[in-house]
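Listing of input_29.csv, CSV, C-alpha atoms
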chain,number,residue,atom,x,y,z
J,1,MET,CA,-22.7,157.2,2.5
J,2,SER,CA,-22.4,153.6,1.6
J,3,HIS,CA,-19.6,152.3,-0.6
J,4,VAL,CA,-17.6,149.3,-1.6
J,5,MET,CA,-14.1,148.8,-0.2
J,6,LEU,CA,-11.7,147.2,-2.6
J,7,LEU,CA,-8.4,145.8,-1.1
J,8,LEU,CA,-5.5,144.7,-3.2
J,9,ALA,CA,-2.4,143.0,-1.8
J,10,HIS,CA,0.5,142.1,-4.2
J,11,PRO,CA,4.1,143.4,-4.1
J,12,ARG,CA,4.5,143.8,-7.9
J,13,PRO,CA,2.8,146.9,-9.4
J,14,ASP,CA,2.5,145.0,-12.7
J,15,SER,CA,1.0,141.9,-11.2
J,16,PHE,CA,-2.1,140.1,-12.5
J,17,CYS,CA,-3.8,140.8,-9.2
J,18,HIS,CA,-3.4,144.5,-10.1
J,19,ALA,CA,-5.1,143.9,-13.4
J,20,ILE,CA,-7.9,142.0,-11.7
J,21,ALA,CA,-8.5,144.8,-9.1
J,22,ASP,CA,-8.4,147.5,-11.9
J,23,ARG,CA,-11.0,145.6,-13.8
J,24,ILE,CA,-13.3,145.1,-10.8
J,25,ARG,CA,-12.9,148.8,-9.9
J,26,SER,CA,-13.9,149.8,-13.4
J,27,VAL,CA,-17.0,147.5,-13.5
J,28,LEU,CA,-18.2,148.8,-10.1
J,29,THR,CA,-17.5,152.5,-10.8
J,30,THR,CA,-19.2,152.3,-14.2
J,31,SER,CA,-22.3,150.9,-12.6
J,32,GLY,CA,-22.4,153.8,-10.1
J,33,HIS,CA,-20.8,152.3,-7.0
J,34,ASP,CA,-18.6,154.5,-4.8
J,35,VAL,CA,-15.4,152.4,-4.7
J,36,ARG,CA,-12.8,153.0,-2.0
J,37,PHE,CA,-9.8,151.4,-3.6
J,38,HIS,CA,-6.8,150.4,-1.4
J,39,ASP,CA,-3.6,149.1,-2.9
J,40,LEU,CA,-2.1,148.1,0.5
J,41,TYR,CA,1.4,148.0,-0.9
J,42,ALA,CA,1.1,151.4,-2.5
J,43,GLU,CA,-0.3,152.8,0.8
J,44,SER,CA,2.6,151.1,2.8
J,45,PHE,CA,-0.1,149.7,5.1
J,46,ASP,CA,1.5,148.7,8.4
J,47,PRO,CA,0.3,145.2,9.3
J,48,ILE,CA,1.7,144.9,12.8
J,49,VAL,CA,-0.7,144.9,15.7
J,50,SER,CA,1.1,146.9,18.5
J,51,ALA,CA,1.2,145.8,22.1
J,52,GLU,CA,-1.0,148.8,22.9
J,53,GLU,CA,-3.6,147.7,20.4
J,54,ALA,CA,-3.6,144.2,21.7
J,55,TYR,CA,-4.4,145.4,25.2
J,56,THR,CA,-7.5,147.3,24.1
J,57,THR,CA,-10.6,145.9,25.7
J,58,GLY,CA,-13.8,147.3,26.9
J,59,GLU,CA,-13.4,150.6,25.3
J,60,SER,CA,-16.5,152.1,23.6
J,61,VAL,CA,-16.6,152.0,19.8
J,62,GLU,CA,-16.7,155.8,19.7
J,63,ALA,CA,-13.6,156.2,22.0
J,64,TYR,CA,-11.7,153.6,20.1
J,65,LEU,CA,-12.4,155.1,16.7
J,66,ALA,CA,-11.7,158.6,17.9
J,67,ARG,CA,-8.3,157.7,19.4
J,68,GLU,CA,-6.9,156.5,16.2
J,69,ALA,CA,-9.2,158.3,13.7
J,70,ASP,CA,-6.4,160.3,12.1
J,71,THR,CA,-4.2,157.2,11.4
J,72,VAL,CA,-4.2,155.1,8.3
J,73,VAL,CA,-5.7,152.2,10.2
J,74,GLY,CA,-8.3,154.5,11.8
J,75,ARG,CA,-9.5,155.6,8.4
J,76,HIS,CA,-9.7,152.0,7.2
J,77,ARG,CA,-11.8,151.1,10.3
J,78,MET,CA,-14.1,154.0,9.7
J,79,GLU,CA,-14.5,153.1,6.0
J,80,LEU,CA,-15.2,149.5,6.9
J,81,GLN,CA,-17.9,150.6,9.3
J,82,ASP,CA,-19.7,152.3,6.5
J,83,ALA,CA,-19.1,149.8,3.7
J,84,ARG,CA,-21.9,147.9,2.0
J,85,GLY,CA,-19.5,145.8,-0.1
J,86,LEU,CA,-16.0,144.3,0.2
J,87,VAL,CA,-13.8,143.1,-2.5
J,88,VAL,CA,-10.4,141.5,-1.8
J,89,VAL,CA,-7.8,140.5,-4.4
J,90,HIS,CA,-4.6,138.7,-3.5
J,91,PRO,CA,-2.4,135.7,-4.3
J,92,ASN,CA,-2.6,132.5,-2.2
J,93,TRP,CA,0.5,132.4,-0.1
J,94,TRP,CA,0.7,129.3,2.1
J,95,GLY,CA,-3.1,129.1,2.3
J,96,LYS,CA,-3.4,132.6,3.7
J,97,PRO,CA,-3.3,136.2,2.5
J,98,PRO,CA,0.1,138.0,2.2
J,99,ALA,CA,1.2,139.4,5.5
J,100,ILE,CA,0.2,143.0,4.5
J,101,LEU,CA,-3.4,141.8,4.1
J,102,SER,CA,-3.2,139.5,7.1
J,103,GLY,CA,-2.4,142.6,9.1
J,104,TRP,CA,-5.3,144.5,7.6
J,105,MET,CA,-7.6,141.8,9.1
J,106,ASP,CA,-5.7,141.9,12.4
J,107,ARG,CA,-5.8,145.7,12.8
J,108,VAL,CA,-9.0,146.8,11.0
J,109,VAL,CA,-11.5,144.0,11.8
J,110,VAL,CA,-11.3,144.4,15.6
J,111,PRO,CA,-13.7,144.1,18.4
J,112,GLY,CA,-15.5,147.4,19.1
J,113,VAL,CA,-15.0,148.4,15.5
J,114,ALA,CA,-16.3,145.6,13.3
J,115,TYR,CA,-18.2,143.5,15.8
J,116,ARG,CA,-18.9,142.8,19.4
J,117,LEU,CA,-19.4,139.4,21.0
J,118,SER,CA,-23.0,139.2,22.0
J,119,ASP,CA,-22.8,136.5,24.7
J,120,ALA,CA,-20.6,133.8,26.3
J,121,THR,CA,-20.9,131.6,23.2
J,122,GLY,CA,-18.8,134.1,21.2
J,123,VAL,CA,-21.4,134.5,18.5
J,124,PRO,CA,-20.6,137.9,16.9
J,125,GLU,CA,-22.9,140.8,16.5
J,126,SER,CA,-21.7,142.8,13.5
J,127,LEU,CA,-21.2,146.6,13.8
J,128,VAL,CA,-20.9,146.7,10.1
J,129,ALA,CA,-23.3,145.7,7.4
J,130,VAL,CA,-21.4,144.4,4.4
J,131,GLU,CA,-24.0,142.9,2.1
J,132,ARG,CA,-21.8,141.5,-0.7
J,133,MET,CA,-18.3,140.2,-0.6
J,134,LEU,CA,-16.1,139.1,-3.4
J,135,VAL,CA,-12.7,137.4,-3.0
J,136,VAL,CA,-10.5,136.8,-6.0
J,137,ASN,CA,-7.3,134.7,-5.5
J,138,THR,CA,-4.5,133.8,-7.8
J,139,SER,CA,-2.7,130.5,-7.4
J,140,ASP,CA,-0.4,128.0,-9.0
J,141,THR,CA,-2.0,125.0,-7.5
J,142,THR,CA,-4.6,123.0,-9.4
J,143,ALA,CA,-8.1,122.7,-7.9
J,144,GLU,CA,-7.6,119.0,-7.5
J,145,ARG,CA,-4.3,119.3,-5.6
J,146,GLU,CA,-5.7,122.2,-3.5
J,147,ALA,CA,-8.6,120.2,-2.4
J,148,ALA,CA,-6.9,116.9,-1.8
J,149,VAL,CA,-3.5,118.0,-0.4
J,150,PHE,CA,-3.8,121.5,1.1
J,151,GLY,CA,-7.5,121.7,2.0
J,152,ASP,CA,-8.0,125.3,0.7
J,153,PRO,CA,-7.7,127.2,4.1
J,154,LEU,CA,-8.3,130.5,2.3
J,155,GLU,CA,-11.9,129.5,1.6
J,156,ALA,CA,-12.4,129.0,5.4
J,157,ILE,CA,-10.5,132.2,6.4
J,158,TRP,CA,-12.6,134.5,4.3
J,159,GLY,CA,-15.9,132.7,4.0
J,160,ARG,CA,-16.2,131.0,7.4
J,161,CYS,CA,-13.9,133.0,9.8
J,162,LEU,CA,-14.2,136.6,8.6
J,163,ALA,CA,-17.5,137.0,6.6
J,164,PRO,CA,-19.8,136.2,9.6
J,165,TYR,CA,-18.1,139.0,11.5
J,166,LEU,CA,-18.8,141.5,8.8
J,167,GLY,CA,-22.6,141.1,8.7
J,168,ASP,CA,-22.7,137.7,6.9
J,169,PRO,CA,-22.7,139.1,3.3
J,170,SER,CA,-23.5,137.1,0.2
J,171,PHE,CA,-20.0,135.6,-0.4
J,172,VAL,CA,-18.4,134.8,-3.7
J,173,ARG,CA,-14.9,133.5,-4.2
J,174,GLN,CA,-13.1,133.0,-7.5
J,175,VAL,CA,-9.7,131.3,-7.8
J,176,LEU,CA,-7.7,131.8,-11.0
J,177,ARG,CA,-5.1,129.1,-11.6
J,178,PRO,CA,-2.5,128.3,-12.5
J,179,VAL,CA,-1.4,131.9,-13.2
J,180,THR,CA,2.4,131.8,-13.6
J,181,ASP,CA,2.5,130.3,-17.1
J,182,ALA,CA,-1.0,131.4,-18.2
J,183,THR,CA,-1.2,132.9,-21.7
J,184,ALA,CA,-2.4,136.4,-22.5
J,185,ALA,CA,-5.6,134.9,-23.9
J,186,GLN,CA,-6.2,132.9,-20.8
J,187,ARG,CA,-5.6,136.0,-18.6
J,188,ALA,CA,-8.0,138.1,-20.8
J,189,ALA,CA,-10.7,135.4,-20.4
J,190,TRP,CA,-10.2,135.3,-16.6
J,191,LEU,CA,-10.6,139.1,-16.5
J,192,GLU,CA,-13.9,138.8,-18.4
J,193,ASP,CA,-15.1,136.1,-16.0
J,194,THR,CA,-14.1,138.2,-13.0
J,195,ALA,CA,-15.9,141.2,-14.4
J,196,ASP,CA,-19.0,139.1,-14.9
J,197,ARG,CA,-18.9,137.8,-11.3
J,198,ALA,CA,-18.5,141.4,-10.0
J,199,ARG,CA,-21.5,142.6,-12.0
J,200,SER,CA,-23.6,139.6,-11.0
J,201,LEU,CA,-22.8,140.1,-7.3
J,202,PHE,CA,-22.9,143.9,-7.1
J,203,CYS,CA,-25.1,145.1,-9.9
J,204,ARG,CA,-28.2,143.1,-9.6
P,1,MET,CA,25.2,122.1,13.2
P,2,SER,CA,21.6,121.0,13.6
P,3,HIS,CA,19.2,122.9,15.8
P,4,VAL,CA,15.6,123.7,16.6
P,5,MET,CA,14.1,127.0,15.5
P,6,LEU,CA,11.5,128.4,17.9
P,7,LEU,CA,9.2,131.2,16.6
P,8,LEU,CA,7.0,133.3,18.8
P,9,ALA,CA,4.5,135.8,17.5
P,10,HIS,CA,2.5,137.8,20.0
P,11,PRO,CA,2.5,141.6,20.5
P,12,ARG,CA,2.3,141.6,24.3
P,13,PRO,CA,5.6,140.7,26.1
P,14,ASP,CA,3.6,139.3,29.0
P,15,SER,CA,1.3,137.1,26.9
P,16,PHE,CA,0.5,133.5,27.6
P,17,CYS,CA,2.1,132.7,24.3
P,18,HIS,CA,5.4,134.1,25.7
P,19,ALA,CA,5.0,131.8,28.7
P,20,ILE,CA,4.4,128.8,26.4
P,21,ALA,CA,7.5,129.6,24.3
P,22,ASP,CA,9.6,130.1,27.4
P,23,ARG,CA,8.5,126.7,28.7
P,24,ILE,CA,9.2,124.9,25.4
P,25,ARG,CA,12.6,126.6,25.2
P,26,SER,CA,13.5,125.4,28.7
P,27,VAL,CA,12.4,121.8,28.0
P,28,LEU,CA,14.4,121.6,24.8
P,29,THR,CA,17.5,123.3,26.1
P,30,THR,CA,17.5,121.1,29.2
P,31,SER,CA,17.4,118.0,27.1
P,32,GLY,CA,20.4,119.2,25.1
P,33,HIS,CA,18.9,120.8,22.0
P,34,ASP,CA,20.4,123.9,20.4
P,35,VAL,CA,17.4,126.2,20.4
P,36,ARG,CA,17.4,129.2,18.1
P,37,PHE,CA,14.7,131.3,19.7
P,38,HIS,CA,13.0,134.2,17.8
P,39,ASP,CA,10.5,136.5,19.4
P,40,LEU,CA,9.5,138.0,16.1
P,41,TYR,CA,8.0,141.1,17.8
P,42,ALA,CA,11.2,141.7,19.8
P,43,GLU,CA,13.2,141.3,16.6
P,44,SER,CA,10.9,143.8,14.8
P,45,PHE,CA,10.8,141.2,12.0
P,46,ASP,CA,9.7,142.9,8.8
P,47,PRO,CA,6.9,140.7,7.2
P,48,ILE,CA,6.6,142.6,3.9
P,49,VAL,CA,7.7,140.8,0.8
P,50,SER,CA,9.2,143.5,-1.4
P,51,ALA,CA,8.5,143.8,-5.2
P,52,GLU,CA,12.2,142.9,-5.7
P,53,GLU,CA,11.8,139.7,-3.7
P,54,ALA,CA,8.6,138.8,-5.6
P,55,TYR,CA,10.4,139.0,-8.9
P,56,THR,CA,13.1,136.5,-7.9
P,57,THR,CA,13.0,133.4,-9.9
P,58,GLY,CA,15.5,130.9,-11.3
P,59,GLU,CA,18.4,132.2,-9.2
P,60,SER,CA,20.6,129.5,-7.6
P,61,VAL,CA,20.2,128.8,-3.9
P,62,GLU,CA,23.7,130.0,-3.2
P,63,ALA,CA,23.3,133.3,-5.1
P,64,TYR,CA,20.0,133.9,-3.4
P,65,LEU,CA,21.2,133.3,0.1
P,66,ALA,CA,24.4,135.2,-0.5
P,67,ARG,CA,22.6,138.3,-1.8
P,68,GLU,CA,20.6,138.7,1.4
P,69,ALA,CA,22.9,136.8,3.8
P,70,ASP,CA,23.5,139.8,6.1
P,71,THR,CA,19.9,140.8,6.6
P,72,VAL,CA,17.6,139.5,9.3
P,73,VAL,CA,15.5,137.6,6.8
P,74,GLY,CA,18.7,136.1,5.3
P,75,ARG,CA,19.8,134.8,8.7
P,76,HIS,CA,16.4,133.3,9.2
P,77,ARG,CA,16.6,131.5,5.8
P,78,MET,CA,20.1,130.1,6.6
P,79,GLU,CA,18.9,128.9,10.0
P,80,LEU,CA,15.9,127.2,8.5
P,81,GLN,CA,18.1,125.4,6.0
P,82,ASP,CA,20.0,123.9,8.9
P,83,ALA,CA,17.1,123.2,11.3
P,84,ARG,CA,16.1,119.7,12.3
P,85,GLY,CA,13.1,121.0,14.3
P,86,LEU,CA,10.6,123.8,14.2
P,87,VAL,CA,8.4,125.1,16.9
P,88,VAL,CA,5.8,127.8,16.4
P,89,VAL,CA,3.8,129.6,19.1
P,90,HIS,CA,1.1,132.1,18.2
P,91,PRO,CA,-2.6,133.1,18.7
P,92,ASN,CA,-5.3,132.2,16.2
P,93,TRP,CA,-6.2,135.4,14.5
P,94,TRP,CA,-8.9,134.9,11.9
P,95,GLY,CA,-7.8,131.4,11.3
P,96,LYS,CA,-4.3,132.4,10.3
P,97,PRO,CA,-1.1,133.5,12.1
P,98,PRO,CA,-0.6,137.1,13.1
P,99,ALA,CA,0.8,139.2,10.2
P,100,ILE,CA,4.4,139.2,11.5
P,101,LEU,CA,4.4,135.4,11.3
P,102,SER,CA,2.5,135.3,8.1
P,103,GLY,CA,5.3,137.4,6.7
P,104,TRP,CA,8.0,135.0,8.1
P,105,MET,CA,6.3,132.3,6.0
P,106,ASP,CA,6.2,134.5,3.0
P,107,ARG,CA,9.8,135.7,3.2
P,108,VAL,CA,11.7,132.8,4.7
P,109,VAL,CA,10.0,129.7,3.3
P,110,VAL,CA,10.7,130.7,-0.3
P,111,PRO,CA,11.6,128.7,-3.5
P,112,GLY,CA,15.3,128.2,-3.8
P,113,VAL,CA,15.8,128.5,-0.1
P,114,ALA,CA,13.4,126.0,1.6
P,115,TYR,CA,12.3,123.9,-1.5
P,116,ARG,CA,12.2,123.6,-5.2
P,117,LEU,CA,9.4,122.4,-7.4
P,118,SER,CA,10.6,119.1,-8.8
P,119,ASP,CA,8.3,118.9,-11.8
P,120,ALA,CA,5.2,120.3,-13.5
P,121,THR,CA,2.9,118.8,-10.9
P,122,GLY,CA,4.2,121.3,-8.3
P,123,VAL,CA,5.2,118.6,-5.9
P,124,PRO,CA,8.0,120.1,-3.7
P,125,GLU,CA,11.4,118.8,-3.1
P,126,SER,CA,12.6,120.1,0.2
P,127,LEU,CA,16.0,121.8,0.6
P,128,VAL,CA,15.6,121.6,4.4
P,129,ALA,CA,15.1,118.6,6.6
P,130,VAL,CA,12.9,119.5,9.5
P,131,GLU,CA,12.1,116.2,11.2
P,132,ARG,CA,9.8,117.4,14.0
P,133,MET,CA,7.4,120.3,14.1
P,134,LEU,CA,5.3,121.5,17.0
P,135,VAL,CA,2.6,124.2,16.6
P,136,VAL,CA,1.0,125.7,19.7
P,137,ASN,CA,-1.9,128.0,19.3
P,138,THR,CA,-4.0,130.0,21.7
P,139,SER,CA,-7.7,130.6,20.9
P,140,ASP,CA,-10.9,131.8,22.4
P,141,THR,CA,-13.1,129.5,20.3
P,142,THR,CA,-14.3,126.2,21.6
P,143,ALA,CA,-13.2,123.1,19.7
P,144,GLU,CA,-16.8,122.4,18.7
P,145,ARG,CA,-17.4,125.8,17.3
P,146,GLU,CA,-14.0,125.9,15.6
P,147,ALA,CA,-14.8,122.6,13.8
P,148,ALA,CA,-18.4,123.3,13.0
P,149,VAL,CA,-18.3,127.0,12.1
P,150,PHE,CA,-14.7,128.1,11.2
P,151,GLY,CA,-13.2,124.8,9.8
P,152,ASP,CA,-9.9,125.4,11.6
P,153,PRO,CA,-7.8,126.7,8.7
P,154,LEU,CA,-4.7,126.9,10.9
P,155,GLU,CA,-4.5,123.1,11.0
P,156,ALA,CA,-4.4,123.1,7.1
P,157,ILE,CA,-2.0,126.1,6.9
P,158,TRP,CA,0.7,124.5,9.1
P,159,GLY,CA,0.1,120.8,8.7
P,160,ARG,CA,-1.0,120.5,5.1
P,161,CYS,CA,0.3,123.6,3.3
P,162,LEU,CA,3.7,124.3,5.0
P,163,ALA,CA,5.0,121.1,6.6
P,164,PRO,CA,5.3,119.1,3.3
P,165,TYR,CA,7.6,121.9,2.0
P,166,LEU,CA,9.9,121.6,5.1
P,167,GLY,CA,10.8,117.9,4.7
P,168,ASP,CA,7.4,116.5,5.8
P,169,PRO,CA,8.3,116.4,9.6
P,170,SER,CA,6.4,114.6,12.3
P,171,PHE,CA,3.7,117.2,13.0
P,172,VAL,CA,2.0,117.9,16.3
P,173,ARG,CA,-0.4,120.8,17.0
P,174,GLN,CA,-1.8,121.8,20.3
P,175,VAL,CA,-4.6,124.3,20.7
P,176,LEU,CA,-5.1,125.9,24.2
P,177,ARG,CA,-8.6,127.3,24.6
P,178,PRO,CA,-10.4,129.4,25.7
P,179,VAL,CA,-7.5,131.4,27.1
P,180,THR,CA,-8.9,134.8,27.8
P,181,ASP,CA,-10.6,133.9,31.1
P,182,ALA,CA,-8.6,130.9,31.9
P,183,THR,CA,-7.5,130.6,35.6
P,184,ALA,CA,-3.9,130.5,36.7
P,185,ALA,CA,-4.4,126.8,37.6
P,186,GLN,CA,-5.7,126.1,34.1
P,187,ARG,CA,-2.8,127.9,32.5
P,188,ALA,CA,-0.3,126.0,34.7
P,189,ALA,CA,-1.9,122.7,33.6
P,190,TRP,CA,-1.6,123.8,30.0
P,191,LEU,CA,2.0,124.6,30.3
P,192,GLU,CA,2.7,121.1,31.8
P,193,ASP,CA,0.8,119.6,28.9
P,194,THR,CA,2.8,121.6,26.4
P,195,ALA,CA,6.0,120.6,28.1
P,196,ASP,CA,5.0,116.9,27.9
P,197,ARG,CA,4.2,117.2,24.2
P,198,ALA,CA,7.5,119.0,23.5
P,199,ARG,CA,9.4,116.3,25.4
P,200,SER,CA,7.5,113.5,23.7
P,201,LEU,CA,8.1,114.9,20.2
P,202,PHE,CA,11.7,116.1,20.5
P,203,CYS,CA,13.3,114.0,23.3
P,204,ARG,CA,12.5,110.5,22.3

Can you dump the structure from the file as structure tokens?
Amino acid sequence: MSHVMLLLAHPRPDSFCHAIADRIRSVLTTSGHDVRFHDLYAESFDPIVSAEEAYTTGESVEAYLAREADTVVGRHRMELQDARGLVVVHPNWWGKPPAILSGWMDRVVVPGVAYRLSDATGVPESLVAVERMLVVNTSDTTAEREAAVFGDPLEAIWGRCLAPYLGDPSFVRQVLRPVTDATAAQRAAWLEDTADRARSLFCR
Amino acid sequence: MSHVMLLLAHPRPDSFCHAIADRIRSVLTTSGHDVRFHDLYAESFDPIVSAEEAYTTGESVEAYLAREADTVVGRHRMELQDARGLVVVHPNWWGKPPAILSGWMDRVVVPGVAYRLSDATGVPESLVAVERMLVVNTSDTTAEREAAVFGDPLEAIWGRCLAPYLGDPSFVRQVLRPVTDATAAQRAAWLEDTADRARSLFCR
């Protein structure tokens, strides 16, 4: 059965990222999507790739999945293999996702589960078929400074590094900024904008 | 007392990253540097920013450091405040560091410890004075594919996002690739090259 995975990574349960994820979840659920919501902090997701995991090569997808099927990471892998949509909500920390979500990428989107390399050029063949992908980031850096000074590595990480390995979905990214001193009215407007983008991407 | 922090993040104790870090450590120690070496996996560094940490704002540097001084992360923060050099060795995973090192950035390089924002523009004023910084990455992507397809977000994360918050050190990054099928001779040549770069940056 196809579904949309929704990943949230923020340490504070009352964060604006939580409000964003709740809103997207509501929009998608209302329009009939089966949403698999994961607050990685609430799940105490373990982001550390073990030495044993790092040695894994050449194993069949089936054997690989079976071996860790009953673990949290095993369930995430199986969910990703069946997902038709992916939504990710997190703050921009040093141009990358928080460690808990970095580790989700390291442990869940692994060879033999999410993709295999089809030839010596390293071009991936996806084992998953995510068709639509929405990334929402919060930041305290202006768009001008992000582009001129930092180079917005998060855009490359999600859109150029990861998405092609997930089936090359339609990719939309929204950055809300600056959030720290934003008024309640500004936050409400952002939530509306996020809801519109989620509808436009997933409910067309 | 000034020193060089050397961070290593790879799950396999026999990894090529370990060999690289050992070589750099040897070069720097031989030339009289006080090297503080941290194999983050061996230390079981906890990369997860807690909710309590995420709420911290406005506290003085002294109070902040004192509160967590006796923890692993507290010791890393104090070491960073006194470091004149930083070396980081890790594989490229999805265009970002492995989660354990992502979390080192999230937890150690924090406001009030490593920097403070000097005004409303968000331009940082460093509380540390790292003068020289070396990043060595392993990868299985060719330089051409990295530039054309992925956009090399790691270069931006370390060189453009983080370095300016550490005192804007002289920054050198070396990427060794592709490592998976590299011969012993190739690896030996890479280690020599890395040693040369470490000497040239830190021992001039």

List every residue of chain J that has an atom at most 9 Å from any atom of chain P, and for each one report the closest atom pair and its distance in Å to one decimal, counting all atoms listed in the file, with rows sorted by chain and then by increasing residue number, as a Markdown table.
| residue | atom | partner | partner_atom | distance |
| --- | --- | --- | --- | --- |
| J:His10 | CA | P:Ala51 | CA | 8.2 |
| J:Pro11 | CA | P:Ala51 | CA | 4.6 |
| J:Arg12 | CA | P:Ala51 | CA | 4.8 |
| J:Pro13 | CA | P:Ala51 | CA | 7.7 |
| J:Tyr41 | CA | P:Ile48 | CA | 8.9 |
| J:Pro47 | CA | P:Ala99 | CA | 6.1 |
| J:Ile48 | CA | P:Ala99 | CA | 6.3 |
| J:Val49 | CA | P:Pro11 | CA | 6.6 |
| J:Ser50 | CA | P:Pro11 | CA | 5.8 |
| J:Ala51 | CA | P:Pro11 | CA | 4.7 |
| J:Glu52 | CA | P:Arg12 | CA | 8.0 |
| J:Glu53 | CA | P:Pro11 | CA | 8.6 |
| J:Ala54 | CA | P:Pro11 | CA | 6.7 |
| J:Tyr55 | CA | P:Arg12 | CA | 7.8 |
| J:Trp93 | CA | P:Asp106 | CA | 6.8 |
| J:Trp94 | CA | P:Cys161 | CA | 5.8 |
| J:Gly95 | CA | P:Ile157 | CA | 5.6 |
| J:Lys96 | CA | P:Lys96 | CA | 6.7 |
| J:Pro97 | CA | P:Ser102 | CA | 8.1 |
| J:Pro98 | CA | P:Gly103 | CA | 6.9 |
| J:Ala99 | CA | P:Gly103 | CA | 4.7 |
| J:Ile100 | CA | P:Ile48 | CA | 6.4 |
| J:Leu101 | CA | P:Ala99 | CA | 7.8 |
| J:Ser102 | CA | P:Ala99 | CA | 5.1 |
| J:Gly103 | CA | P:Ala99 | CA | 4.8 |
| J:Trp104 | CA | P:Ala99 | CA | 8.5 |
| J:Met105 | CA | P:Trp94 | CA | 7.6 |
| J:Asp106 | CA | P:Trp93 | CA | 6.8 |
| J:Thr121 | CA | P:Thr141 | CA | 8.6 |
| J:Gly122 | CA | P:Thr141 | CA | 7.4 |
| J:Asp140 | CA | P:Gly122 | CA | 8.2 |
| J:Thr141 | CA | P:Gly122 | CA | 7.3 |
| J:Thr142 | CA | P:Thr121 | CA | 8.7 |
| J:Arg145 | CA | P:Thr121 | CA | 9.0 |
| J:Val149 | CA | P:Arg160 | CA | 6.5 |
| J:Phe150 | CA | P:Arg160 | CA | 5.0 |
| J:Gly151 | CA | P:Ala156 | CA | 6.1 |
| J:Asp152 | CA | P:Ala156 | CA | 7.7 |
| J:Pro153 | CA | P:Pro153 | CA | 4.6 |
| J:Leu154 | CA | P:Pro153 | CA | 7.5 |
| J:Glu155 | CA | P:Pro153 | CA | 8.7 |
| J:Ala156 | CA | P:Pro153 | CA | 6.1 |
| J:Ile157 | CA | P:Gly95 | CA | 5.7 |
| J:Trp158 | CA | P:Trp94 | CA | 8.5 |
| J:Gly159 | CA | P:Phe150 | CA | 8.6 |
| J:Arg160 | CA | P:Phe150 | CA | 5.0 |
| J:Cys161 | CA | P:Phe150 | CA | 5.2 |
| J:Leu162 | CA | P:Trp94 | CA | 6.5 |

Could you pull the residues within 10 Å of segment 78-85 of chain P, counting only C-alpha atoms, minus those fewer than 6 positions along the same chain, as a VMD selection string?
-> chain P and resid 1 to 6 33 to 36 65 to 66 69 108 to 109 113 to 115 126 to 134 166 to 167 169 to 170 201 to 202

Using C-alpha atoms, can you export the residues from the last selection as a PDB file, in the frame of the given file?
ATOM      1  CA  MET P   1      25.200 122.100  13.200  1.00  0.00           C
ATOM      2  CA  SER P   2      21.600 121.000  13.600  1.00  0.00           C
ATOM      3  CA  HIS P   3      19.200 122.900  15.800  1.00  0.00           C
ATOM      4  CA  VAL P   4      15.600 123.700  16.600  1.00  0.00           C
ATOM      5  CA  MET P   5      14.100 127.000  15.500  1.00  0.00           C
ATOM      6  CA  LEU P   6      11.500 128.400  17.900  1.00  0.00           C
ATOM      7  CA  HIS P  33      18.900 120.800  22.000  1.00  0.00           C
ATOM      8  CA  ASP P  34      20.400 123.900  20.400  1.00  0.00           C
ATOM      9  CA  VAL P  35      17.400 126.200  20.400  1.00  0.00           C
ATOM     10  CA  ARG P  36      17.400 129.200  18.100  1.00  0.00           C
ATOM     11  CA  LEU P  65      21.200 133.300   0.100  1.00  0.00           C
ATOM     12  CA  ALA P  66      24.400 135.200  -0.500  1.00  0.00           C
ATOM     13  CA  ALA P  69      22.900 136.800   3.800  1.00  0.00           C
ATOM     14  CA  VAL P 108      11.700 132.800   4.700  1.00  0.00           C
ATOM     15  CA  VAL P 109      10.000 129.700   3.300  1.00  0.00           C
ATOM     16  CA  VAL P 113      15.800 128.500  -0.100  1.00  0.00           C
ATOM     17  CA  ALA P 114      13.400 126.000   1.600  1.00  0.00           C
ATOM     18  CA  TYR P 115      12.300 123.900  -1.500  1.00  0.00           C
ATOM     19  CA  SER P 126      12.600 120.100   0.200  1.00  0.00           C
ATOM     20  CA  LEU P 127      16.000 121.800   0.600  1.00  0.00           C
ATOM     21  CA  VAL P 128      15.600 121.600   4.400  1.00  0.00           C
ATOM     22  CA  ALA P 129      15.100 118.600   6.600  1.00  0.00           C
ATOM     23  CA  VAL P 130      12.900 119.500   9.500  1.00  0.00           C
ATOM     24  CA  GLU P 131      12.100 116.200  11.200  1.00  0.00           C
ATOM     25  CA  ARG P 132       9.800 117.400  14.000  1.00  0.00           C
ATOM     26  CA  MET P 133       7.400 120.300  14.100  1.00  0.00           C
ATOM     27  CA  LEU P 134       5.300 121.500  17.000  1.00  0.00           C
ATOM     28  CA  LEU P 166       9.900 121.600   5.100  1.00  0.00           C
ATOM     29  CA  GLY P 167      10.800 117.900   4.700  1.00  0.00           C
ATOM     30  CA  PRO P 169       8.300 116.400   9.600  1.00  0.00           C
ATOM     31  CA  SER P 170       6.400 114.600  12.300  1.00  0.00           C
ATOM     32  CA  LEU P 201       8.100 114.900  20.200  1.00  0.00           C
ATOM     33  CA  PHE P 202      11.700 116.100  20.500  1.00  0.00           C
TER      34      PHE P 202
END

Do you have the atom CA of Arg204 of chain P-atom CA of Thr30 of chain P distance handy?
->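 Distance reported for this atom pair: 13.6 Å.
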
Coordinates-based distance that separates atom CA of Ser139 of chain J from atom CA of Phe16 of chain J (Å, one decimal) = 10.9 Å

Pairwise distance for atom CA of Leu176 of chain J and atom CA of Ala188 of chain J, rounded to one decimal in Å |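 It comes out at 11.7 Å.
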
Determine the nearest neighbour of Ala163 of chain J from the options J:Val88, J:Ala19, J:Ile24, J:Val179, counting only C-alpha atoms.
->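 Among the listed residues, J:Val88 lies closest to Ala163 of chain J.
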